[in-house]
Structures are given as C-alpha cells and as structure tokens.
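Structure file data_5.txt with compact mmCIF, C-alpha atoms:
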```
# COMPACT_ATOMS: atom_id res chain seq x y z
CA MET P 1 -32.12 -58.02 -15.75
CA THR P 2 -28.84 -58.19 -13.85
CA PHE P 3 -26.77 -54.99 -13.82
CA VAL P 4 -23.08 -55.59 -14.44
CA PRO P 5 -21.18 -52.30 -14.00
CA ASP P 6 -18.66 -51.48 -16.69
CA PHE P 7 -15.85 -49.33 -15.29
CA GLY P 8 -13.73 -47.25 -17.65
CA VAL P 9 -12.51 -43.76 -18.43
CA ALA P 10 -14.44 -41.00 -20.14
CA ARG P 11 -14.46 -40.43 -23.87
CA THR P 12 -15.29 -37.28 -25.80
CA GLU P 13 -18.56 -38.84 -26.92
CA ASP P 14 -19.61 -39.21 -23.26
CA LEU P 15 -19.69 -35.48 -22.54
CA GLU P 16 -23.32 -34.82 -23.41
CA GLU P 17 -24.55 -37.69 -21.24
CA LEU P 18 -22.16 -36.76 -18.42
CA GLY P 19 -23.62 -33.25 -18.47
CA GLU P 20 -27.12 -34.72 -18.18
CA LEU P 21 -26.01 -36.99 -15.33
CA LEU P 22 -24.49 -34.10 -13.37
CA GLY P 23 -27.52 -31.93 -14.00
CA SER P 24 -29.82 -34.68 -12.76
CA LEU P 25 -27.85 -35.13 -9.55
CA PHE P 26 -27.30 -31.46 -8.71
CA HIS P 27 -30.76 -30.33 -9.90
CA SER P 28 -29.51 -27.88 -12.47
CA SER P 29 -29.15 -27.62 -16.22
CA LEU P 30 -25.80 -27.12 -17.89
CA ASP P 31 -26.42 -24.72 -20.77
CA ALA P 32 -24.04 -24.81 -23.72
CA GLU P 33 -21.88 -21.99 -22.35
CA SER P 34 -21.61 -23.56 -18.90
CA GLN P 35 -20.76 -26.93 -20.40
CA ALA P 36 -17.98 -25.38 -22.45
CA VAL P 37 -16.52 -23.90 -19.25
CA GLN P 38 -16.73 -27.20 -17.37
CA TRP P 39 -15.31 -29.31 -20.17
CA GLY P 40 -12.49 -26.81 -20.62
CA VAL P 41 -10.83 -28.09 -17.42
CA LEU P 42 -11.90 -31.72 -17.74
CA GLU P 43 -9.11 -34.30 -18.00
CA LEU P 44 -10.71 -37.24 -19.80
CA GLU P 45 -7.95 -39.65 -18.84
CA ARG P 46 -8.60 -38.91 -15.14
CA THR P 47 -12.38 -39.17 -15.38
CA LEU P 48 -13.75 -42.52 -14.25
CA VAL P 49 -17.10 -43.59 -15.69
CA VAL P 50 -19.42 -46.45 -14.85
CA ARG P 51 -21.62 -47.53 -17.74
CA ASP P 52 -24.82 -49.54 -17.87
CA ASP P 53 -25.30 -50.84 -21.40
CA ALA P 54 -22.98 -48.08 -22.72
CA GLU P 55 -24.82 -45.32 -20.83
CA PRO P 56 -22.82 -43.41 -18.13
CA VAL P 57 -24.54 -43.88 -14.77
CA ALA P 58 -21.76 -42.81 -12.38
CA THR P 59 -18.60 -40.76 -12.59
CA ALA P 60 -15.76 -39.14 -10.65
CA THR P 61 -12.99 -36.99 -12.02
CA ALA P 62 -9.69 -35.55 -10.86
CA PHE P 63 -7.90 -32.34 -11.83
CA THR P 64 -4.13 -31.94 -11.89
CA ARG P 65 -3.23 -28.87 -9.84
CA GLU P 66 -0.78 -27.71 -7.19
CA LEU P 67 -1.88 -27.02 -3.60
CA THR P 68 -0.37 -24.63 -1.08
CA VAL P 69 0.21 -26.35 2.27
CA PRO P 70 1.94 -24.98 5.38
CA GLY P 71 5.35 -23.78 4.20
CA ALA P 72 5.28 -25.53 0.81
CA ARG P 73 3.43 -26.29 -2.41
CA LEU P 74 2.88 -29.77 -3.78
CA PRO P 75 0.95 -31.63 -6.49
CA ALA P 76 -2.51 -32.62 -5.28
CA THR P 77 -5.44 -34.54 -6.74
CA HIS P 78 -8.43 -32.20 -6.99
CA VAL P 79 -11.50 -34.47 -6.95
CA SER P 80 -14.74 -33.28 -8.53
CA MET P 81 -17.86 -34.22 -10.49
CA VAL P 82 -18.68 -37.20 -8.29
CA ALA P 83 -22.13 -38.42 -9.30
CA VAL P 84 -24.30 -41.53 -9.32
CA ALA P 85 -27.55 -41.64 -11.27
CA PRO P 86 -30.69 -41.81 -9.11
CA THR P 87 -31.57 -45.06 -10.86
CA HIS P 88 -28.32 -46.73 -9.74
CA ARG P 89 -27.97 -45.74 -6.09
CA ARG P 90 -27.26 -48.21 -3.28
CA ARG P 91 -25.25 -50.51 -5.53
CA GLY P 92 -21.78 -49.66 -4.25
CA LEU P 93 -20.81 -47.58 -7.30
CA LEU P 94 -19.62 -44.55 -5.31
CA THR P 95 -17.55 -46.75 -3.00
CA GLU P 96 -15.90 -48.51 -5.92
CA LEU P 97 -15.21 -45.22 -7.75
CA MET P 98 -13.56 -43.73 -4.67
CA ARG P 99 -11.49 -46.86 -4.07
CA ARG P 100 -10.33 -47.01 -7.66
CA GLN P 101 -9.52 -43.32 -7.78
CA LEU P 102 -7.45 -43.43 -4.59
CA ARG P 103 -5.62 -46.54 -5.77
CA ASP P 104 -4.85 -44.91 -9.12
CA VAL P 105 -3.49 -41.81 -7.42
CA ARG P 106 -1.39 -43.82 -4.98
CA ASP P 107 0.03 -46.06 -7.71
CA ALA P 108 0.91 -43.08 -9.90
CA GLY P 109 2.99 -41.72 -7.03
CA ALA P 110 2.88 -38.06 -8.07
CA GLU P 111 0.24 -36.59 -5.74
CA PRO P 112 0.52 -37.36 -2.02
CA VAL P 113 -2.82 -35.77 -1.07
CA ALA P 114 -6.30 -35.47 -2.56
CA LEU P 115 -8.92 -32.83 -1.80
CA LEU P 116 -12.52 -32.03 -2.65
CA TRP P 117 -15.64 -30.03 -1.83
CA ALA P 118 -18.39 -32.17 -0.36
CA SER P 119 -22.05 -31.79 -1.30
CA GLU P 120 -22.81 -33.46 2.05
CA GLY P 121 -20.30 -33.77 4.88
CA ARG P 122 -21.28 -37.31 5.79
CA ILE P 123 -20.25 -38.80 2.45
CA TYR P 124 -16.46 -38.67 2.34
CA PRO P 125 -15.13 -39.43 5.84
CA ARG P 126 -15.69 -43.11 5.16
CA PHE P 127 -13.11 -42.82 2.38
CA GLY P 128 -10.54 -41.20 4.67
CA TYR P 129 -11.25 -37.54 3.87
CA GLY P 130 -11.03 -35.15 6.81
CA LEU P 131 -12.41 -31.62 7.12
CA ALA P 132 -9.22 -29.61 6.65
CA CYS P 133 -10.58 -26.12 5.97
CA GLN P 134 -13.60 -24.21 7.20
CA GLN P 135 -14.68 -20.75 6.14
CA LEU P 136 -17.22 -18.03 6.85
CA THR P 137 -20.03 -17.12 4.48
CA VAL P 138 -21.67 -13.73 4.79
CA GLU P 139 -25.08 -12.29 3.90
CA CYS P 140 -25.50 -9.01 5.73
CA GLU P 141 -26.98 -5.53 5.83
CA THR P 142 -24.29 -2.90 5.18
CA THR P 143 -25.97 0.25 6.43
CA GLU P 144 -24.45 0.04 9.93
CA LEU P 145 -21.02 -1.31 8.98
CA ARG P 146 -18.08 1.08 9.13
CA LEU P 147 -14.36 0.75 8.40
CA PRO P 148 -11.43 2.93 9.47
CA GLY P 149 -10.97 6.09 7.41
CA PRO P 150 -8.70 6.31 4.35
CA THR P 151 -4.96 6.76 4.71
CA ALA P 152 -2.36 8.30 2.44
CA ALA P 153 -0.95 4.83 1.70
CA GLU P 154 -4.17 3.45 0.24
CA GLY P 155 -3.32 4.09 -3.42
CA ARG P 156 -5.76 4.15 -6.35
CA LEU P 157 -8.82 2.06 -7.18
CA ARG P 158 -10.21 1.34 -10.61
CA LEU P 159 -13.08 -0.74 -11.97
CA THR P 160 -12.86 -2.80 -15.15
CA LYS P 161 -13.92 -6.05 -16.76
CA PRO P 162 -12.01 -9.14 -15.58
CA ALA P 163 -11.07 -10.07 -19.15
CA ARG P 164 -9.22 -6.75 -19.52
CA CYS P 165 -6.99 -7.30 -16.50
CA ARG P 166 -6.52 -11.06 -16.42
CA ALA P 167 -2.71 -10.87 -16.36
CA GLU P 168 -2.81 -8.46 -13.40
CA LEU P 169 -5.24 -10.71 -11.53
CA ALA P 170 -2.95 -13.69 -12.06
CA ARG P 171 0.12 -11.78 -10.84
CA VAL P 172 -1.58 -10.72 -7.62
CA TYR P 173 -2.96 -14.19 -7.01
CA ASP P 174 0.42 -15.85 -7.59
CA ARG P 175 2.09 -13.34 -5.26
CA VAL P 176 -0.32 -14.08 -2.40
CA ARG P 177 -0.87 -17.83 -2.89
CA PRO P 178 2.42 -19.18 -1.43
CA ASP P 179 1.43 -17.92 2.03
CA ARG P 180 -2.13 -19.26 2.12
CA PRO P 181 -2.67 -23.01 2.73
CA GLY P 182 -5.59 -24.36 0.74
CA TRP P 183 -5.15 -22.19 -2.35
CA SER P 184 -4.66 -24.04 -5.64
CA SER P 185 -2.59 -23.14 -8.67
CA ARG P 186 -4.36 -21.49 -11.58
CA SER P 187 -3.08 -22.29 -15.05
CA GLY P 188 -4.50 -20.59 -18.11
CA VAL P 189 -7.42 -23.04 -18.35
CA TRP P 190 -8.19 -22.55 -14.66
CA TRP P 191 -8.29 -18.79 -15.05
CA ASN P 192 -10.75 -19.43 -17.90
CA PHE P 193 -12.83 -21.44 -15.43
CA VAL P 194 -12.64 -18.88 -12.62
CA LEU P 195 -13.46 -15.88 -14.81
CA ALA P 196 -16.15 -17.55 -16.90
CA ASP P 197 -19.44 -15.70 -16.47
CA PRO P 198 -22.29 -17.51 -18.24
CA ALA P 199 -25.42 -15.39 -18.31
CA ALA P 200 -27.52 -18.36 -17.21
CA ARG P 201 -25.60 -18.50 -13.92
CA ARG P 202 -25.98 -14.86 -12.86
CA GLU P 203 -29.37 -15.25 -11.14
CA GLY P 204 -30.53 -11.82 -12.21
CA ALA P 205 -27.27 -10.05 -11.31
CA THR P 206 -24.91 -8.04 -13.48
CA GLU P 207 -21.88 -9.47 -15.22
CA ARG P 208 -18.84 -9.85 -12.98
CA ARG P 209 -16.64 -6.82 -12.39
CA ALA P 210 -13.04 -6.48 -11.30
CA LEU P 211 -11.90 -3.93 -8.75
CA LEU P 212 -8.16 -3.27 -8.88
CA HIS P 213 -6.01 -1.58 -6.28
CA GLU P 214 -2.84 0.14 -7.46
CA GLY P 215 0.01 0.92 -5.09
CA SER P 216 3.39 2.50 -5.72
CA ASP P 217 4.59 -0.68 -7.48
CA GLY P 218 1.49 -1.31 -9.58
CA VAL P 219 -1.56 -3.49 -9.00
CA ASN P 220 -1.32 -5.18 -5.60
CA GLY P 221 -4.90 -6.25 -4.95
CA TYR P 222 -8.14 -7.17 -6.66
CA ALA P 223 -11.76 -8.07 -5.95
CA LEU P 224 -14.24 -9.89 -8.16
CA PHE P 225 -17.90 -9.04 -7.61
CA ARG P 226 -21.26 -8.37 -9.19
CA THR P 227 -24.41 -6.55 -8.10
CA ARG P 228 -28.11 -7.39 -8.21
CA ASN P 229 -30.59 -4.57 -8.51
CA ALA P 230 -33.51 -4.33 -6.08
CA TRP P 231 -35.91 -1.66 -4.82
CA ASP P 232 -38.78 -1.52 -2.36
CA ALA P 233 -41.34 1.13 -1.38
CA VAL P 234 -38.77 3.22 0.50
CA GLY P 235 -35.91 3.11 -1.97
CA PRO P 236 -32.94 1.11 -3.28
CA LYS P 237 -31.72 -2.13 -1.70
CA ALA P 238 -29.34 -3.62 -4.26
CA VAL P 239 -26.98 -6.43 -3.26
CA THR P 240 -23.20 -6.56 -3.74
CA MET P 241 -22.17 -10.18 -4.39
CA VAL P 242 -18.45 -10.68 -3.70
CA ASP P 243 -16.55 -13.68 -5.05
CA GLU P 244 -12.91 -12.95 -4.24
CA VAL P 245 -10.86 -10.29 -2.45
CA VAL P 246 -7.11 -10.87 -2.83
CA SER P 247 -4.15 -8.84 -1.60
CA GLY P 248 -1.20 -9.15 0.69
CA ASP P 249 -1.26 -5.42 1.45
CA PRO P 250 -3.38 -4.24 4.43
CA ALA P 251 -3.98 -0.80 2.93
CA ALA P 252 -5.20 -2.33 -0.33
CA LEU P 253 -7.59 -4.65 1.48
CA LEU P 254 -9.01 -1.77 3.53
CA ALA P 255 -9.55 0.41 0.48
CA MET P 256 -11.24 -2.35 -1.53
CA TRP P 257 -13.54 -3.36 1.31
CA ARG P 258 -14.53 0.26 1.91
CA LEU P 259 -15.71 0.55 -1.69
CA LEU P 260 -17.49 -2.82 -1.71
CA LEU P 261 -19.41 -2.02 1.47
CA THR P 262 -20.53 1.42 0.33
CA LEU P 263 -21.50 1.11 -3.34
CA ASP P 264 -24.26 3.56 -4.20
CA LEU P 265 -27.83 2.16 -4.04
CA THR P 266 -26.70 -1.06 -2.34
CA ARG P 267 -27.89 -2.11 1.11
CA ARG P 268 -26.74 -5.73 1.38
CA LEU P 269 -23.57 -7.72 0.73
CA THR P 270 -22.99 -11.43 0.23
CA LEU P 271 -19.61 -13.09 0.42
CA ARG P 272 -19.09 -16.65 -0.75
CA GLY P 273 -16.39 -17.43 1.78
CA ILE P 274 -13.57 -15.84 3.75
CA PRO P 275 -10.87 -17.41 5.93
CA LEU P 276 -11.39 -17.59 9.67
CA ASP P 277 -8.48 -15.15 10.14
CA ASP P 278 -9.60 -12.62 7.51
CA PRO P 279 -8.70 -9.05 8.55
CA LEU P 280 -12.21 -7.84 7.69
CA LEU P 281 -13.38 -9.37 10.98
CA ARG P 282 -10.98 -7.07 12.86
CA LEU P 283 -11.53 -3.95 10.77
CA LEU P 284 -15.29 -3.54 11.03
CA ASN P 285 -16.87 -1.51 13.79
CA GLU P 286 -19.59 -4.15 14.28
CA PRO P 287 -18.29 -7.55 13.10
CA ARG P 288 -21.37 -9.35 14.47
CA ARG P 289 -23.40 -7.42 11.87
CA LEU P 290 -21.72 -9.57 9.21
CA ASP P 291 -23.95 -12.40 10.44
CA ALA P 292 -21.15 -14.75 9.35
CA ARG P 293 -21.90 -18.47 9.22
CA LEU P 294 -19.31 -21.21 9.66
CA THR P 295 -19.31 -23.77 6.85
CA ASP P 296 -17.09 -26.59 5.67
CA ALA P 297 -14.89 -25.99 2.65
CA LEU P 298 -12.02 -28.33 1.74
CA TRP P 299 -11.90 -32.00 2.67
CA LEU P 300 -8.43 -33.54 2.40
CA ARG P 301 -7.23 -37.13 2.10
CA VAL P 302 -3.64 -38.17 2.78
CA VAL P 303 -2.77 -40.61 -0.02
CA ASP P 304 0.94 -41.18 0.56
CA LEU P 305 1.54 -40.63 4.27
CA PRO P 306 5.35 -40.35 4.50
CA VAL P 307 5.59 -38.13 1.42
CA ALA P 308 2.73 -35.90 2.53
CA LEU P 309 3.95 -35.41 6.10
CA SER P 310 7.49 -34.77 4.87
CA ALA P 311 6.33 -32.20 2.31
CA ARG P 312 4.71 -29.65 4.63
CA ARG P 313 6.47 -27.55 7.27
CA TYR P 314 5.67 -27.38 10.99
CA ALA P 315 5.24 -24.33 13.18
CA THR P 316 7.52 -25.67 15.93
CA SER P 317 9.96 -28.53 16.30
CA VAL P 318 8.29 -31.91 16.34
CA ASP P 319 9.51 -35.44 17.03
CA VAL P 320 6.62 -37.84 17.39
CA VAL P 321 5.76 -41.45 16.52
CA LEU P 322 2.28 -41.81 15.01
CA GLU P 323 0.36 -45.06 14.86
CA VAL P 324 -1.96 -44.75 11.87
CA THR P 325 -4.68 -46.96 10.41
CA ASP P 326 -5.89 -46.74 6.82
CA ASP P 327 -8.42 -49.32 5.63
CA LEU P 328 -8.37 -48.26 1.96
CA LEU P 329 -4.64 -47.72 1.43
CA PRO P 330 -2.89 -50.20 3.74
CA GLU P 331 0.54 -48.82 2.79
CA ASN P 332 -0.24 -45.95 5.16
CA THR P 333 -1.04 -48.22 8.09
CA GLY P 334 1.72 -48.56 10.66
CA ARG P 335 3.98 -46.55 12.90
CA TRP P 336 5.67 -43.47 11.49
CA ARG P 337 8.24 -41.20 13.07
CA LEU P 338 7.75 -37.58 12.11
CA THR P 339 10.60 -35.18 12.82
CA GLY P 340 10.87 -31.63 11.61
CA GLY P 341 10.04 -27.99 12.08
CA PRO P 342 9.80 -24.71 10.15
CA ASP P 343 12.69 -25.59 7.82
CA GLY P 344 11.79 -29.13 6.78
CA ALA P 345 10.60 -32.54 7.89
CA THR P 346 11.05 -36.26 7.43
CA CYS P 347 8.63 -39.10 8.01
CA VAL P 348 9.90 -42.68 8.09
CA PRO P 349 8.67 -46.07 9.37
CA SER P 350 9.35 -46.65 13.05
CA ALA P 351 9.68 -49.71 15.27
CA GLY P 352 9.53 -47.59 18.43
CA ALA P 353 6.62 -47.11 20.79
CA ALA P 354 3.90 -44.82 19.43
CA ASP P 355 3.16 -41.45 21.05
CA LEU P 356 -0.19 -40.81 19.35
CA ALA P 357 -2.68 -43.00 17.50
CA CYS P 358 -5.25 -41.95 14.86
CA ASP P 359 -6.80 -42.92 11.56
CA ILE P 360 -5.89 -41.44 8.19
CA ARG P 361 -8.91 -39.12 8.29
CA ALA P 362 -7.51 -37.30 11.34
CA LEU P 363 -4.27 -36.59 9.48
CA GLY P 364 -6.31 -35.05 6.67
CA GLU P 365 -7.98 -32.72 9.15
CA LEU P 366 -4.62 -31.68 10.59
CA TYR P 367 -2.78 -31.32 7.32
CA LEU P 368 -3.50 -27.69 6.36
CA GLY P 369 -2.94 -26.38 9.89
CA GLY P 370 -6.53 -25.34 10.53
CA THR P 371 -7.49 -28.03 13.06
CA GLU P 372 -5.97 -28.36 16.51
CA LEU P 373 -4.56 -31.70 17.58
CA GLY P 374 -6.08 -31.23 21.02
CA GLN P 375 -9.51 -30.67 19.48
CA LEU P 376 -9.34 -34.02 17.70
CA ALA P 377 -8.16 -35.69 20.90
CA ALA P 378 -11.09 -34.21 22.82
CA ALA P 379 -13.41 -35.66 20.19
CA GLY P 380 -11.81 -39.11 20.59
CA ARG P 381 -10.30 -38.94 17.11
CA VAL P 382 -6.68 -38.96 18.34
CA ARG P 383 -5.45 -41.04 21.29
CA GLU P 384 -2.52 -40.03 23.44
CA LEU P 385 -0.36 -43.09 24.11
CA ARG P 386 2.50 -41.27 25.82
CA PRO P 387 1.57 -38.71 28.48
CA GLY P 388 2.48 -35.21 27.34
CA ALA P 389 2.62 -36.07 23.63
CA LEU P 390 -0.42 -33.92 22.78
CA ALA P 391 1.02 -30.85 24.48
CA THR P 392 4.40 -31.15 22.78
CA ALA P 393 3.23 -32.14 19.29
CA GLY P 394 0.05 -30.06 19.10
CA PRO P 395 1.57 -26.63 18.34
CA ALA P 396 3.68 -28.07 15.53
CA PHE P 397 0.67 -28.98 13.40
CA GLY P 398 -0.70 -25.43 13.45
CA TRP P 399 0.31 -22.59 11.14
CA HIS P 400 0.44 -18.80 11.22
CA ARG P 401 -2.22 -18.52 8.47
CA ALA P 402 -5.57 -20.25 8.54
CA PRO P 403 -6.31 -22.42 5.51
CA ALA P 404 -8.65 -20.94 2.93
CA ALA P 405 -10.52 -22.10 -0.16
CA MET P 406 -10.70 -19.81 -3.17
CA GLU P 407 -12.96 -21.48 -5.71
CA ILE P 408 -15.23 -24.47 -5.90
CA PHE P 409 -13.70 -26.79 -8.47
```

Go through the file and emit its structure as structure tokens.
Amino acid sequence: MTFVPDFGVARTEDLEELGELLGSLFHSSLDAESQAVQWGVLELERTLVVRDDAEPVATATAFTRELTVPGARLPATHVSMVAVAPTHRRRGLLTELMRRQLRDVRDAGAEPVALLWASEGRIYPRFGYGLACQQLTVECETTELRLPGPTAAEGRLRLTKPARCRAELARVYDRVRPDRPGWSSRSGVWWNFVLADPAARREGATERRALLHEGSDGVNGYALFRTRNAWDAVGPKAVTMVDEVVSGDPAALLAMWRLLLTLDLTRRLTLRGIPLDDPLLRLLNEPRRLDARLTDALWLRVVDLPVALSARRYATSVDVVLEVTDDLLPENTGRWRLTGGPDGATCVPSAGAADLACDIRALGELYLGGTELGQLAAAGRVRELRPGALATAGPAFGWHRAPAAMEIF
C-alpha cells in the first residue's frame, strides 16, 4: 500500500498519540504528570504533524520565546519534539518537516533565528544549524575539592521548596539573563516547565530543592538541586545533583557552591551543564578533579540573515562583506555588508567584492559569540577572500561572556 504523507498541524485529540510517538523515539514513557508538564508549553498551531491514515507518524514543534544574544535580546524559534516513527524512517519526513518549519518561520518574519538541542549532532547541520554553544557537564568526587574561605560579604543562605520562592527565582533569573547569550525568556508557563518535578523522573532522588542567597538588597542568587541517597560498607556516599546555579554576584556564587560541595553525607556531585567561562573553574583548588566533559548544547540557525546580523552587537568595530550560501532559504544567499560594533549594527546587500565566504551554518556557529572565526577558517568552513579579513573581523564576532544553555526545552 502506497504511503501518502498528510502534513498538517496538531490538534488536541493528537496529544495522546504524540506522547506515544515521542516515548517510542526517545525510549521513555511519558506518565500523566510528565505529559501535563510537556503539553503545558505546547503551541498546537506551531506543531507540525505528519499523519498516515490519521495516525501521527512524525512531528516537530516550535516554542515562542526570546533569546539573549550578544548585546541584545530578540524573538527566536525554539525547536523541539522532533520525531519520526521507527516505521516511517528513510522516507524524507524529517527533511520535509524541517524545510516547512524554516519556511514558515521565515515567511512569518518575526523570528530571525531558530535554535534547538540535538539528540545527535550529525542530524541538523544539513538544515543549516551550527553548533553555537558548548558546555561542561560534571560528575565528580567532592572529597578533595576546596573553595576559598567565607567572607563578610557572603550574606545568608536558606533552603526551601522551589514553589515557595518562585517569584524570587524569576527576579534573579531576569536580572542575570540580559548578560548571558543563549539564555531564553521564561514566562509563567515556562517557569511551570522548569520547576515541574514529576516523581517518575527523579530516578530515586529527592524532590528538587531551592537554595537562596540573600545579600543586603534581598535575594541575589539561587541554586536548584536534589540529592540521591547511597551508602557502601565504609559509610555514606550520597550524590548532589545540581540543575542550575544563578547569580551575578561573585560572593553569592562562592557561598552557594561551598554549600553544594559540602552537604553532609554526600561524596559526589553531578552538574548538568555550566558555561565554559564559569567562575567555579577558577575558584576550586583542583579544577581537574571536576572531571568536566565538553558537550554540545545549543544549535542555532540563522533564518533571516540581515535582521539577525543587525540585531546582535559586536565586540569591536567591524566592516566586512560576507558571501553567504543557503540552500534551504535562498533569500539569505548573496553578498552582505555588515558594519557595526558595541553600540549597534547594520547588514545590507552589497555589490562589492566579498572579504569572507561561508555557508549559513557557519553564521549560526558564530552568532552567540562562542566560536572563533579563525577556528572555522582553520576547519575550512570560512574562506578568506581578502588577505587580512580574518584578523580584522575575527575579534568582532566574539563576546565578553561565553554563551550558555539553561534548560533543555
């Protein structure tokens, strides 16, 4: 029987089957509580579905959120829940979903970039996504780790349930977010998503706890974590499992990390992800003991090139003509003159000779300031057409803060 894919958008009655499809692909089961959390952020009108005889067999969704980029914040398509049923692989469904989604975003004209987390890094480069943010994950013994001693400026720590201090968490997050490329806005429904704590997802650990740091002006830092009990023949070896540590105050960060690393009866700590420039790496007496592992985090796709490159700021003055190719969104293909600096930028079509040449994926890698232009050139991903262009333009694409990713969406 010939399969004729039926492309459409999701309906409320699709949710049960979509949950089964996602569970089948990611080898997990969405219990009722977890499904309620996931569907709480779902935007049906932005969820593409492929049906086979009315049954959903592939899907991809997008969330409407704001993204912090170097020196600015802008609307960005947050892509998620990309899945194709095992029975319908190798039929071009993923390719068509990605093409349609990018075209929809481009035609809507509201979001100049898209971003996602990749289950496998080889999947999305062919759709123009570039690795824009890497992070460190940690799973370490804590017995030999030491931090500098307490200072008078460290303030007060208190432990509570996240639900009891949600407003304080949001205030701290919103205060820090403008200075950290890669962080996304959190509306009320997204705080529901972040703080949700289904028992089925705890893997034998406690419920999540919130650690608050109070300075002279109130709460100025928080950490979200849980612990998992464990013992062996010689005593306790519980694990502290850290999700987020957020503060713009060095004393607050130091005080919170000191507590997290020295909780009674714990001997190990896991950390889902920290930025490459996190101060913890400079505070510890033995940073190699963190046994930190470099992983990919955010993949970014430039959807509207002139709008995207004009929206972010640049670390130094830049005046460069880029020759760009984009097979999926041909509007981005051509020569573009980018001029700007720390206070603003413009990007317009150019008839002049190009200084650098690249594909749209390379611009995605550069966009959050975490990838060096020279690194891409050394990999053959960017070509220098005018001698000296790499040296003059390279510093502009960097930023004083490394990009970071806060939650998997």

Computed interatomic separation between atom CA of P:Asp359 and atom CA of P:Val302 (Å)
10.5 Å

Pick the closest to P:Leu67 from P:Ser350, P:Thr142, P:Ser185, P:Asn285: which is it, counting only C-alpha atoms?
P:Ser185

At most 8 Å from (-16.7, 2.7, 11.5), file frame, all atoms listed in the file: which residues, as a ChimeraX atom specification?
/P:145-149,284-286

Put a box with edges along x, y and z around all the listed atoms of stretch 205-210 of chain P, pad it by 6 Å on each side, then give me its centre and sizes in Å, one decimal, as AutoDock Vina command-line options.
```
--center_x -20.2 --center_y -8.3 --center_z -13.3 --size_x 26.2 --size_y 15.6 --size_z 15.9
```

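Counting all atoms listed in the file and comparing P:Ala379, P:Ala132, P:Ala205, P:Ala354, the residue that lies closest to P:Ala405 is P:Ala132.
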
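A straight line drawn from atom CA of P:Asp278 to atom CA of P:Arg180 is 11.4 Å long.
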
What's around P:Leu271 at 8 Å? Count only C-alpha atoms, leave out sequence neighbours fewer than 2 positions away in its own chain, and write the answer as a list of chain:residue names.
P:Thr137, P:Val138, P:Glu139, P:Met241, P:Val242, P:Asp243, P:Leu269, P:Gly273, P:Ile274

Proximity to P:Asn332 - best of P:Cys358, P:Leu283, P:Leu224, P:Val303, all atoms listed in the file:
P:Val303
